[in-house]
Amino acid sequence: GAGGALAQLEVPAGRAFSRGHCSRSSLYQHVRDGYSDRPQLDMELVCSHTRAVLDNVQNRKGELTREDVADIVSTWKQLMKAKEEIEKLENEKRQISDSIKALLHPDFSRLRDRGKEIRLELNALYQQESQLDEHFYLKALKLPNWTHPSVPVGDESQARVVETIGAKPVFDFKPKGHLQIGEDLDIIRQRRLSHVSGHRSYYLRGAGSELQLALVQFTMSKLLRKEGCGMRPNAKSSQVYQIDPTRFEDLCLAGTAEVGIAGYFMDHAVNLQDLPVRMVCCSTCYRTETDTGREAWGLYRVHHFTKVEMFGVTAVETGAESTALLDEFVMLQKEIFSDLGLHYKVLDMPTQELGLPAYRKFDIEAWMPGRGNYGELSSASNCTDYQSKRLNIMYYEEADRLKYSHTVNATACAVPRTLIAILECNQLKDGSVRVPEVLQPYLGREVIDRPTHSPLLYIGPNQHQRNLNKAE
């Protein structure tokens with residue numbers, strides 16, 4: 001998207017940049033193998049502001065502890081000392097080599113012996129350097145980004161409501177949940193699928209699949225017309241779907257298009273005059289949803305879903321560019337959800353709800369009558385230079401002057417949760433659902449009515465067993 005326009009990008013399921021609790025990092029391995037430049041971590045800043053780093057790690061409550069921070073700083077200092085020793089011995093080795101070439105006198109034997117000693121010392125130091133380097137990076141790459149001073153400290157309960165938009169729908173009947181609505185209209189099926197594709201799977205049928213396509217088309221067309229437009233961060237079990245590790249050691253399915261788009265910019269520099277770059281991507285996303293006890297039924301927590309994602313790369317000439325783009329992305333999210341007629345609130349998320357890269361994050365939660373509560377629809381994060389320093393994403397004004405960029409990401413439309421809000425907020429007393437006006441041209445109808453066909457009749461063994469139980 002040169003010149004500030006939105007560009008469309010389709011990305012494949014991506015590789016994980018890191019995995020495990022400091023035990024392995026695909027990014028670090030790629031660096032070791034020469035596929036990418038070494039991540040540039042500002043350890044001098046960490047060492048000079050260790051107390052602030054400790055407080056930030058404590059507030060974020062991520063994978064690292066205060067003890068890990070102390071270990072990172074200590075290992076980095078040992079690594080720097082080892083590098084200094086290596087440089088000192090390398091210089092001495094070069095001097096001895098030059099002296100041997102230039103002189104043939106009684107010192108020759110002594111210099112030759114010293115040269116052998118240096119080679120042995122260097123071999124030991126190289127091994128020590130490699131071990132310290134790996135130990136340092138595997139932990140240091142997990143340090144969280146700095147936190148915006150306005151971010152509330154604490155868990156999800158400390159989220160600050162920035163804005164509330166629209167009004168809750170009023171019903172003269174008891175509203176149903178989206179799954180019951182979808183089953184009655186025969187547009188969602190989630191029952192008896194575990195033997196087909198596992199738990200938390202679902203089918204969208206008829207108008208259900210049309211609604212999904214309509215949401216994607218509406219969102220994409222809206223964003224592409226604009227000329228300016230986790231995962232749960234601290235999940236103890238990985239949200240990443242891994243491909244068979246015996247065949248593909250570090251390959252996984254992407255949980256968000258952000259992974260693929262960040263990879264698109266990895267090891268590349270953008271011309272300053274083309275910034276900010278704004279990308280929009282529609283992709284299938286995969287989450288393990290390991291906490292199976294939470295909302296096992298319905299579309300709120302599912303293993304795979306379609307999502308439209310926004311991603312931006314900005315300059316850092318004034319330091320305010322990424323903040324401005326974050327505000328712009330949030331404005332676009334609000335436009336989309338307001339056009340869909342939803343009632344929602346914008347939240348400034350607290351420290352414990354920020355993923356490692358996020359400097360600041362805003363969530364949007366929409367009212368879902370069937371749940372009797374608000375549910376998260378989208379998030380938008382300013383990652384400042386956290387991703388760019390790890391993935392080597394830069395910009396330039398002159399070819400020989402490269403600077404690290406800032407990155408911003410935001411959900412434009414996560415289809416299943418948006419479907420929940422639409423179905424539950426637009427349900428009618430007779431069981432039908434009113435289609436939001438902006439989606440009507442895509443569906444060619446104003447209302448989703450009850451089906452005229454008969455629903456499928458289940459004849460499998462579970463039904464048979466239940467009939468036997470009833471007979472007993």
# chains A, B, ... in the order shown; residues from 1 in each chain; ligands from 1

$ residues_around --residues "A:Ala412" --least-positions-apart "4" --cutoff "8 Å" --atoms "only C-alpha atoms" --output "list in words"
Thr219, Lys307, Val308, Glu309, Met310, Leu332, Gln333, Ile336 and Ser378 of chain A

$ select_by_dssp --residues "stretch 365-415 of chain A" --states "alpha helix (DSSP H)" --output "list of chain:residue names"
A:Tyr386, A:Gln387, A:Ser388, A:Lys389, A:Arg390, A:Leu391, A:Val415

$ write_last_selection --atoms "C-alpha atoms" --output "short mmCIF file (atom, residue, chain, number, x, y, z; two decimals), in the first residue's frame"
data_model
loop_
_atom_site.label_atom_id
_atom_site.label_comp_id
_atom_site.auth_asym_id
_atom_site.auth_seq_id
_atom_site.Cartn_x
_atom_site.Cartn_y
_atom_site.Cartn_z
CA TYR A 386 9.04 -4.74 19.47
CA GLN A 387 8.34 -6.78 16.34
CA SER A 388 10.56 -4.76 14.03
CA LYS A 389 13.67 -5.26 16.19
CA ARG A 390 13.08 -9.00 16.27
CA LEU A 391 12.07 -9.37 12.63
CA VAL A 415 -16.52 -13.60 11.74
#

$ closest_atom_pairs --of "stretch 86-181 of chain A" --to "stretch 347-363 of chain A" --cutoff "10 Å" --atoms "only C-alpha atoms" --output "tab-separated table"
residue	atom	partner	partner_atom	distance
A:Leu141	CA	A:Leu356	CA	9.6
A:Lys142	CA	A:Leu356	CA	7.2
A:Leu143	CA	A:Leu356	CA	7.1
A:Pro144	CA	A:Leu356	CA	4.4
A:Asn145	CA	A:Pro357	CA	5.3
A:Trp146	CA	A:Tyr359	CA	5.7
A:Thr147	CA	A:Tyr359	CA	4.7
A:His148	CA	A:Tyr359	CA	5.6
A:Pro149	CA	A:Arg360	CA	9.1
A:Ser150	CA	A:Arg360	CA	8.6
A:Val151	CA	A:Pro350	CA	5.6
A:Pro152	CA	A:Pro350	CA	4.5
A:Val153	CA	A:Thr351	CA	5.1
A:Gly154	CA	A:Pro350	CA	5.7
A:Asp155	CA	A:Gln352	CA	5.0
A:Glu156	CA	A:Glu353	CA	6.3
A:Ser157	CA	A:Pro350	CA	8.3
A:Gln158	CA	A:Pro350	CA	6.0
A:Ala159	CA	A:Met349	CA	4.8
A:Arg160	CA	A:Asp348	CA	5.1
A:Val161	CA	A:Leu347	CA	4.6
A:Val162	CA	A:Leu347	CA	5.5
A:Glu163	CA	A:Leu347	CA	7.4
A:Thr164	CA	A:Leu347	CA	9.1

$ atom_distance --atom1 "atom CA of A:Arg445" --atom2 "atom CA of A:Gln212"
14.6 Å

$ atom_distance --atom1 "atom CA of A:Arg189" --atom2 "atom CA of A:Tyr203"
5.1 Å

$ closest_residue --among "A:Thr256, A:Thr314, A:Asn91, A:Asn409" --to "A:Met394" --atoms "only C-alpha atoms"
A:Thr314

$ residues_around --residues "stretch 114-123 of chain A" --least-positions-apart "3" --cutoff "9 Å" --atoms "only C-alpha atoms" --output "PyMOL selection string"
chain A and resi 85-86+89-90+92-93+96-97+109-111+126-128

$ write_last_selection --atoms "all heavy atoms" --output "compact mmCIF listing (two decimals), in the first residue's frame"
# COMPACT_ATOMS: atom_id res chain seq x y z
N GLU A 85 36.92 -10.73 25.58
CA GLU A 85 38.07 -11.63 25.66
C GLU A 85 38.41 -12.19 24.28
O GLU A 85 39.60 -12.32 23.93
CB GLU A 85 37.77 -12.77 26.64
CG GLU A 85 37.75 -12.37 28.09
CD GLU A 85 39.12 -11.93 28.59
OE1 GLU A 85 40.13 -12.54 28.20
OE2 GLU A 85 39.18 -10.93 29.34
N ILE A 86 37.39 -12.55 23.52
CA ILE A 86 37.62 -13.08 22.18
C ILE A 86 38.29 -12.03 21.31
O ILE A 86 39.26 -12.31 20.59
CB ILE A 86 36.29 -13.54 21.55
CG1 ILE A 86 35.80 -14.82 22.23
CG2 ILE A 86 36.43 -13.76 20.05
CD1 ILE A 86 34.42 -15.26 21.82
N LEU A 89 41.96 -11.61 22.34
CA LEU A 89 42.81 -12.71 21.87
C LEU A 89 42.96 -12.72 20.36
O LEU A 89 44.02 -13.07 19.83
CB LEU A 89 42.23 -14.04 22.37
CG LEU A 89 42.39 -14.32 23.86
CD1 LEU A 89 41.67 -15.61 24.24
CD2 LEU A 89 43.86 -14.42 24.25
N GLU A 90 41.91 -12.37 19.65
CA GLU A 90 41.99 -12.31 18.19
C GLU A 90 43.01 -11.26 17.76
O GLU A 90 43.80 -11.47 16.81
CB GLU A 90 40.62 -11.98 17.59
CG GLU A 90 39.61 -13.11 17.65
CD GLU A 90 39.86 -14.18 16.58
OE1 GLU A 90 40.90 -14.12 15.90
OE2 GLU A 90 39.01 -15.07 16.45
N GLU A 92 45.57 -10.24 19.56
CA GLU A 92 46.91 -10.76 19.89
C GLU A 92 47.35 -11.80 18.88
O GLU A 92 48.51 -11.85 18.48
CB GLU A 92 46.90 -11.35 21.31
CG GLU A 92 48.28 -11.80 21.77
CD GLU A 92 48.26 -12.39 23.17
OE1 GLU A 92 47.21 -12.36 23.83
OE2 GLU A 92 49.32 -12.91 23.60
N LYS A 93 46.40 -12.63 18.45
CA LYS A 93 46.72 -13.66 17.46
C LYS A 93 47.19 -13.03 16.15
O LYS A 93 48.15 -13.49 15.53
CB LYS A 93 45.50 -14.56 17.21
CG LYS A 93 45.78 -15.76 16.32
CD LYS A 93 44.58 -16.66 16.18
CE LYS A 93 43.54 -16.06 15.27
NZ LYS A 93 42.46 -17.02 14.93
N ILE A 96 50.74 -11.67 16.62
CA ILE A 96 51.74 -12.74 16.60
C ILE A 96 51.96 -13.24 15.19
O ILE A 96 53.09 -13.47 14.76
CB ILE A 96 51.28 -13.89 17.53
CG1 ILE A 96 51.38 -13.46 18.99
CG2 ILE A 96 52.11 -15.15 17.28
CD1 ILE A 96 50.82 -14.47 19.96
N SER A 97 50.85 -13.40 14.44
CA SER A 97 50.97 -13.86 13.06
C SER A 97 51.81 -12.89 12.23
O SER A 97 52.68 -13.31 11.45
CB SER A 97 49.58 -14.02 12.44
OG SER A 97 49.66 -14.42 11.11
N SER A 109 60.11 -19.38 18.23
CA SER A 109 59.55 -20.56 18.90
C SER A 109 58.56 -20.15 19.98
O SER A 109 57.48 -20.74 20.12
CB SER A 109 60.69 -21.39 19.52
OG SER A 109 60.16 -22.50 20.20
N ARG A 110 58.91 -19.07 20.74
CA ARG A 110 58.02 -18.61 21.79
C ARG A 110 56.70 -18.09 21.21
O ARG A 110 55.61 -18.38 21.72
CB ARG A 110 58.71 -17.50 22.59
CG ARG A 110 57.83 -16.93 23.71
CD ARG A 110 58.55 -15.83 24.45
NE ARG A 110 58.87 -14.71 23.56
CZ ARG A 110 57.96 -13.76 23.23
NH1 ARG A 110 56.71 -13.83 23.68
NH2 ARG A 110 58.32 -12.77 22.43
N LEU A 111 56.77 -17.32 20.13
CA LEU A 111 55.57 -16.78 19.50
C LEU A 111 54.69 -17.89 18.93
O LEU A 111 53.46 -17.84 19.01
CB LEU A 111 55.95 -15.79 18.39
CG LEU A 111 56.58 -14.48 18.85
CD1 LEU A 111 57.10 -13.69 17.65
CD2 LEU A 111 55.57 -13.64 19.63
N TYR A 126 34.89 -19.50 22.23
CA TYR A 126 33.84 -19.57 21.21
C TYR A 126 32.69 -20.45 21.68
O TYR A 126 31.51 -20.13 21.47
CB TYR A 126 34.41 -20.12 19.90
CG TYR A 126 35.27 -19.15 19.13
CD1 TYR A 126 36.42 -19.60 18.48
CD2 TYR A 126 34.95 -17.80 19.08
CE1 TYR A 126 37.22 -18.72 17.78
CE2 TYR A 126 35.74 -16.91 18.38
CZ TYR A 126 36.89 -17.37 17.73
OH TYR A 126 37.68 -16.48 17.05
N GLN A 127 33.03 -21.57 22.32
CA GLN A 127 31.99 -22.46 22.82
C GLN A 127 31.20 -21.78 23.94
O GLN A 127 29.97 -21.85 24.00
CB GLN A 127 32.61 -23.76 23.33
CG GLN A 127 31.57 -24.78 23.79
CD GLN A 127 32.20 -26.11 24.18
OE1 GLN A 127 33.42 -26.27 24.09
NE2 GLN A 127 31.39 -27.06 24.60
N GLN A 128 31.93 -21.08 24.83
CA GLN A 128 31.27 -20.36 25.91
C GLN A 128 30.37 -19.25 25.35
O GLN A 128 29.23 -19.07 25.81
CB GLN A 128 32.31 -19.75 26.86
CG GLN A 128 31.69 -18.99 28.02
CD GLN A 128 32.72 -18.26 28.85
OE1 GLN A 128 33.88 -18.14 28.47
NE2 GLN A 128 32.30 -17.74 30.00

$ decode --residues "stretch 246-360 of chain A" --atoms "C-alpha atoms" --output "PDB file, in the first residue's frame"
ATOM      1  CA  THR A 246       8.149 -35.588  13.941  1.00  0.00           C
ATOM      2  CA  ARG A 247       7.896 -34.376  10.347  1.00  0.00           C
ATOM      3  CA  PHE A 248       7.818 -30.562  10.622  1.00  0.00           C
ATOM      4  CA  GLU A 249       9.776 -29.439  13.662  1.00  0.00           C
ATOM      5  CA  ASP A 250       8.735 -25.778  13.784  1.00  0.00           C
ATOM      6  CA  LEU A 251       5.740 -25.521  11.451  1.00  0.00           C
ATOM      7  CA  CYS A 252       2.371 -24.478  12.832  1.00  0.00           C
ATOM      8  CA  LEU A 253      -0.991 -23.082  11.767  1.00  0.00           C
ATOM      9  CA  ALA A 254      -1.347 -19.327  12.193  1.00  0.00           C
ATOM     10  CA  GLY A 255      -3.646 -18.081  14.933  1.00  0.00           C
ATOM     11  CA  THR A 256      -3.923 -14.684  13.255  1.00  0.00           C
ATOM     12  CA  ALA A 257      -3.025 -13.107   9.923  1.00  0.00           C
ATOM     13  CA  GLU A 258      -0.726 -10.755  11.856  1.00  0.00           C
ATOM     14  CA  VAL A 259       1.888 -13.543  11.923  1.00  0.00           C
ATOM     15  CA  GLY A 260       1.946 -13.903   8.153  1.00  0.00           C
ATOM     16  CA  ILE A 261       1.902 -10.167   7.416  1.00  0.00           C
ATOM     17  CA  ALA A 262       4.741  -9.506   9.877  1.00  0.00           C
ATOM     18  CA  GLY A 263       6.650 -12.278   8.102  1.00  0.00           C
ATOM     19  CA  TYR A 264       5.967 -10.551   4.779  1.00  0.00           C
ATOM     20  CA  PHE A 265       7.868  -7.477   6.007  1.00  0.00           C
ATOM     21  CA  MET A 266      10.602  -9.446   7.818  1.00  0.00           C
ATOM     22  CA  ASP A 267      14.144  -8.471   6.710  1.00  0.00           C
ATOM     23  CA  HIS A 268      12.799  -5.705   4.445  1.00  0.00           C
ATOM     24  CA  ALA A 269      12.923  -1.911   4.526  1.00  0.00           C
ATOM     25  CA  VAL A 270      10.175   0.471   3.359  1.00  0.00           C
ATOM     26  CA  ASN A 271      10.806   3.856   1.782  1.00  0.00           C
ATOM     27  CA  LEU A 272       9.910   6.655   4.197  1.00  0.00           C
ATOM     28  CA  GLN A 273       7.723   8.364   1.587  1.00  0.00           C
ATOM     29  CA  ASP A 274       5.542   5.216   1.406  1.00  0.00           C
ATOM     30  CA  LEU A 275       4.819   5.187   5.141  1.00  0.00           C
ATOM     31  CA  PRO A 276       2.534   4.457   6.805  1.00  0.00           C
ATOM     32  CA  VAL A 277       1.849   1.193   4.996  1.00  0.00           C
ATOM     33  CA  ARG A 278      -1.601  -0.207   5.757  1.00  0.00           C
ATOM     34  CA  MET A 279      -2.430  -3.813   4.905  1.00  0.00           C
ATOM     35  CA  VAL A 280      -5.704  -5.704   5.157  1.00  0.00           C
ATOM     36  CA  CYS A 281      -5.794  -9.491   5.024  1.00  0.00           C
ATOM     37  CA  CYS A 282      -8.542 -12.091   5.140  1.00  0.00           C
ATOM     38  CA  SER A 283      -7.425 -15.508   6.356  1.00  0.00           C
ATOM     39  CA  THR A 284      -8.502 -18.645   8.165  1.00  0.00           C
ATOM     40  CA  CYS A 285      -7.169 -18.687  11.721  1.00  0.00           C
ATOM     41  CA  TYR A 286      -6.560 -21.628  14.017  1.00  0.00           C
ATOM     42  CA  ARG A 287      -6.613 -21.706  17.826  1.00  0.00           C
ATOM     43  CA  THR A 288      -6.323 -24.715  20.113  1.00  0.00           C
ATOM     44  CA  GLU A 289      -8.643 -23.139  22.747  1.00  0.00           C
ATOM     45  CA  THR A 290      -7.009 -25.333  25.368  1.00  0.00           C
ATOM     46  CA  ASP A 291      -9.271 -24.150  28.194  1.00  0.00           C
ATOM     47  CA  THR A 292     -12.081 -26.495  27.124  1.00  0.00           C
ATOM     48  CA  GLY A 293     -14.181 -25.777  30.189  1.00  0.00           C
ATOM     49  CA  ARG A 294     -15.004 -22.260  28.990  1.00  0.00           C
ATOM     50  CA  GLU A 295     -17.918 -21.939  26.571  1.00  0.00           C
ATOM     51  CA  ALA A 296     -17.459 -25.305  24.922  1.00  0.00           C
ATOM     52  CA  TRP A 297     -20.647 -24.788  22.872  1.00  0.00           C
ATOM     53  CA  GLY A 298     -21.413 -22.074  20.375  1.00  0.00           C
ATOM     54  CA  LEU A 299     -19.188 -19.988  18.132  1.00  0.00           C
ATOM     55  CA  TYR A 300     -17.498 -17.848  20.786  1.00  0.00           C
ATOM     56  CA  ARG A 301     -14.472 -20.139  21.232  1.00  0.00           C
ATOM     57  CA  VAL A 302     -13.821 -22.301  18.192  1.00  0.00           C
ATOM     58  CA  HIS A 303     -10.763 -23.978  16.718  1.00  0.00           C
ATOM     59  CA  HIS A 304     -10.875 -22.358  13.284  1.00  0.00           C
ATOM     60  CA  PHE A 305     -12.520 -19.230  11.966  1.00  0.00           C
ATOM     61  CA  THR A 306     -12.287 -16.545   9.315  1.00  0.00           C
ATOM     62  CA  LYS A 307     -10.881 -13.162  10.274  1.00  0.00           C
ATOM     63  CA  VAL A 308     -10.132  -9.897   8.489  1.00  0.00           C
ATOM     64  CA  GLU A 309      -7.036  -8.266   9.984  1.00  0.00           C
ATOM     65  CA  MET A 310      -5.442  -4.836   9.602  1.00  0.00           C
ATOM     66  CA  PHE A 311      -1.674  -4.378   9.910  1.00  0.00           C
ATOM     67  CA  GLY A 312       0.371  -1.207   9.663  1.00  0.00           C
ATOM     68  CA  VAL A 313       4.021  -0.190   9.460  1.00  0.00           C
ATOM     69  CA  THR A 314       4.936   3.369  10.448  1.00  0.00           C
ATOM     70  CA  ALA A 315       7.968   5.624  10.631  1.00  0.00           C
ATOM     71  CA  VAL A 316       9.409   6.844  13.933  1.00  0.00           C
ATOM     72  CA  GLU A 317      10.384  10.372  12.944  1.00  0.00           C
ATOM     73  CA  THR A 318       8.262  12.097  15.611  1.00  0.00           C
ATOM     74  CA  GLY A 319       7.459   9.049  17.766  1.00  0.00           C
ATOM     75  CA  ALA A 320       3.721   9.697  17.427  1.00  0.00           C
ATOM     76  CA  GLU A 321       3.138   7.936  14.115  1.00  0.00           C
ATOM     77  CA  SER A 322       2.172   4.517  15.511  1.00  0.00           C
ATOM     78  CA  THR A 323      -0.103   6.114  18.118  1.00  0.00           C
ATOM     79  CA  ALA A 324      -1.927   7.941  15.327  1.00  0.00           C
ATOM     80  CA  LEU A 325      -2.289   4.734  13.294  1.00  0.00           C
ATOM     81  CA  LEU A 326      -3.619   2.851  16.338  1.00  0.00           C
ATOM     82  CA  ASP A 327      -6.281   5.561  16.784  1.00  0.00           C
ATOM     83  CA  GLU A 328      -7.086   5.304  13.073  1.00  0.00           C
ATOM     84  CA  PHE A 329      -7.524   1.525  13.234  1.00  0.00           C
ATOM     85  CA  VAL A 330      -9.793   1.816  16.288  1.00  0.00           C
ATOM     86  CA  MET A 331     -11.860   4.433  14.424  1.00  0.00           C
ATOM     87  CA  LEU A 332     -12.270   1.995  11.516  1.00  0.00           C
ATOM     88  CA  GLN A 333     -13.311  -0.792  13.885  1.00  0.00           C
ATOM     89  CA  LYS A 334     -15.939   1.496  15.398  1.00  0.00           C
ATOM     90  CA  GLU A 335     -17.177   2.425  11.920  1.00  0.00           C
ATOM     91  CA  ILE A 336     -17.583  -1.232  10.973  1.00  0.00           C
ATOM     92  CA  PHE A 337     -19.463  -2.217  14.134  1.00  0.00           C
ATOM     93  CA  SER A 338     -21.625   0.910  14.062  1.00  0.00           C
ATOM     94  CA  ASP A 339     -22.548   0.206  10.429  1.00  0.00           C
ATOM     95  CA  LEU A 340     -23.618  -3.267  11.559  1.00  0.00           C
ATOM     96  CA  GLY A 341     -25.888  -1.645  14.142  1.00  0.00           C
ATOM     97  CA  LEU A 342     -24.182  -3.186  17.175  1.00  0.00           C
ATOM     98  CA  HIS A 343     -24.041  -1.839  20.709  1.00  0.00           C
ATOM     99  CA  TYR A 344     -20.467  -1.953  22.007  1.00  0.00           C
ATOM    100  CA  LYS A 345     -17.866  -0.414  24.266  1.00  0.00           C
ATOM    101  CA  VAL A 346     -14.185   0.409  23.719  1.00  0.00           C
ATOM    102  CA  LEU A 347     -11.802  -0.714  26.483  1.00  0.00           C
ATOM    103  CA  ASP A 348      -8.263   0.391  27.321  1.00  0.00           C
ATOM    104  CA  MET A 349      -6.868  -3.003  28.316  1.00  0.00           C
ATOM    105  CA  PRO A 350      -4.775  -3.453  31.480  1.00  0.00           C
ATOM    106  CA  THR A 351      -1.223  -4.735  31.752  1.00  0.00           C
ATOM    107  CA  GLN A 352      -2.041  -8.413  32.277  1.00  0.00           C
ATOM    108  CA  GLU A 353      -4.133  -8.477  29.091  1.00  0.00           C
ATOM    109  CA  LEU A 354      -1.329  -7.221  26.854  1.00  0.00           C
ATOM    110  CA  GLY A 355       0.527  -9.728  24.717  1.00  0.00           C
ATOM    111  CA  LEU A 356       4.323  -9.529  24.744  1.00  0.00           C
ATOM    112  CA  PRO A 357       4.567  -7.179  21.725  1.00  0.00           C
ATOM    113  CA  ALA A 358       1.810  -4.757  22.767  1.00  0.00           C
ATOM    114  CA  TYR A 359       2.677  -1.308  24.122  1.00  0.00           C
ATOM    115  CA  ARG A 360      -1.012  -0.466  24.336  1.00  0.00           C
TER     116      ARG A 360
END
